[in-house]
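So the structure is just underneath, and the comments pick up after that.
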Amino acid sequence: MAGDRIVLITGTSSGIGLAAAVAAARAGFRVIATMRDTGRSGALLKAAEAAGVADRVELARLDVTDAASVAECLAGVLDRHGRLDAVVNNAGAGRVGTVEQDGLLPVREVMEVNFFGVVEVTRAALPHLRATGGRVVTVTSVGGVVGQPFNEAYCAAKFAVEGFMESLAPVAATVGVSVSVVEPGAVASEFVASQGIDLPALLAAAGPYAPALEAYAARTRAAFDQAQTSEQAAETVLDALTAERPPFRLQTSDRARAFVGAKLADLDGSAVQGVTGGWVA
């Protein structure tokens with residue numbers, strides 16, 4: 001898939017989405033780079049210019065939680081280009097906390113972006129992808145396979161996305177549409193910084209969970225010291241877009257492959273609990 005084929009990528013203002021937009025443009029795609037606030041497009045435009053692909057990157061506003069916004073964006077793509085060859089679901093939101101203290105609202109908010117937003121974009125794009133024999137690529141996470149402490153809402157949403165896409169994939173294949181998920185591990189990107197986590201405030205409010213949260217935070221800082229770059233993760237997104245027959249599930253690093261592999265081979269759950277339990281001990 002290259003040449004004049006059209007790919008729409010959500011969440012391109014920073015991180016993996018930005019890097020994937022530039023990588024896809026360099027590979028010959030015409031990229032519809034979407035974000036909720038196009039006023040935050042400066043970093044993307046600068047990166048596209050530096051890569052010499054600014055003429056292949058087209059900005060569009062898209063709020064994945066708003067069905068009208070999704071419909072309007074896709075209608076604009078079809079009006080301007082007459083086709084859609086691929087969608088990369090990348091927009092997402094994180095959350096650190098635990099349900100006893102957070103309540104349901106943060107869980108619903110994270111699900112709205114990370115799950116229902118993905119479902120809505122995919123649903124709306126499928127008729128156009130059927131017409132081109134296109135593909136759906138969704139950036140999930142190793143947290144969509146392995147539940148992680150204090151990431152209950154985030155992992156629940158990513159688990160839901162993985163189940164949705166794994167169920168959709170064989171159905172979509174019968175009408176010529178390929179479905180893949182890309183599972184990054186720790187990625188050094190603005191996504192982490194953009195979550196606005198105030199750890200001292202979280203610890204102060206954590207009550208009986210404070211020791212576990214402090215242990216988790218220390219472990220997570222160490223993990224992100226060894227994180228891959230957004231550009232490295234985006235290479236796997238590009239593989240999913242360009243491979244002749246992409247697999248359903250792709251990890252972005254050896255570390256991510258080992259982590260996910262332990263879960264998929266863990267029939268009784270003891271191996272995963274042994275690992276993640278150590279994060280909060």
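Ordering of the structure tokens sets the chain letters (A, B, ...), residue numbers begin anew at 1 in every chain, and ligands are numbered from 1 in the order given.
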
Picked from range 80-235 of chain A by DSSP as strand (DSSP E), as a PyMOL selection string: chain A and resi 86-89+135-139+178-183+187-188+228-229

Identify, on the basis of only C-alpha atoms, every residue whose closest approach to Ala93 in chain A does not exceed 7 Å; exclude the query and any residue fewer than 6 positions from it along the same chain; express the result as a ChimeraX atom specification. /A:110,113-114

Take the residues from that selection and put them in a file with N, CA and C atoms, as a PDB file, in the first residue's frame.
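Result went into result29.pdb, see below:
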```pdb
ATOM      1  N   VAL A 110     -12.248   7.454  30.197  1.00  0.00           N
ATOM      2  CA  VAL A 110     -11.175   6.751  29.488  1.00  0.00           C
ATOM      3  C   VAL A 110     -11.760   5.773  28.474  1.00  0.00           C
ATOM      4  N   VAL A 113     -12.895   7.568  25.168  1.00  0.00           N
ATOM      5  CA  VAL A 113     -11.848   7.892  24.193  1.00  0.00           C
ATOM      6  C   VAL A 113     -11.212   6.613  23.642  1.00  0.00           C
ATOM      7  N   ASN A 114     -10.747   5.754  24.542  1.00  0.00           N
ATOM      8  CA  ASN A 114      -9.888   4.637  24.131  1.00  0.00           C
ATOM      9  C   ASN A 114     -10.646   3.462  23.529  1.00  0.00           C
TER      10      ASN A 114
END
```

Between CA of Gly117 in chain A and CA of Thr65 in chain A lies a distance of 5.0 Å

Which of these residues is nearest to Cys73 in chain A, using only C-alpha atoms: A:Val280, A:Ala188, A:Ala125, A:Ala20? A:Ala125

May I have the residues within 8 Å of range 238-240 of chain A as a list in words, using only C-alpha atoms and disregarding those fewer than 5 positions away in the same chain?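 Counting only C-alpha atoms, the residues come to Ala20, Ala23, Ala24, Val137, Ser180, Val182, Pro246, Pro247 and Leu250 of chain A.
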
Using only C-alpha atoms, please write the residues we just selected to a file, as a compact mmCIF listing (two decimals), in the first residue's frame.
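Contents of selection03.txt, freshly written:
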```txt
# COMPACT_ATOMS: atom_id res chain seq x y z
CA ALA A 20 3.38 7.46 12.31
CA ALA A 23 6.61 7.76 8.53
CA ALA A 24 3.55 7.01 6.41
CA VAL A 137 -4.59 -0.57 12.29
CA SER A 180 -4.32 -5.42 13.02
CA VAL A 182 -0.05 -2.68 17.41
CA PRO A 246 0.13 -8.19 8.21
CA PRO A 247 -0.45 -10.35 11.29
CA LEU A 250 2.27 -6.83 16.37
```

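Nearest to Val119 in chain A of all the residues A:Lys158, A:Arg83, A:Arg257, A:Arg95 is A:Lys158, based on only C-alpha atoms.
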
Could you please determine the separation between CA of Met111 in chain A and CA of Ser14 in chain A in Å, to one decimal place?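 So the two atoms, CA of Met111 in chain A and CA of Ser14 in chain A, lie 20.6 Å apart.
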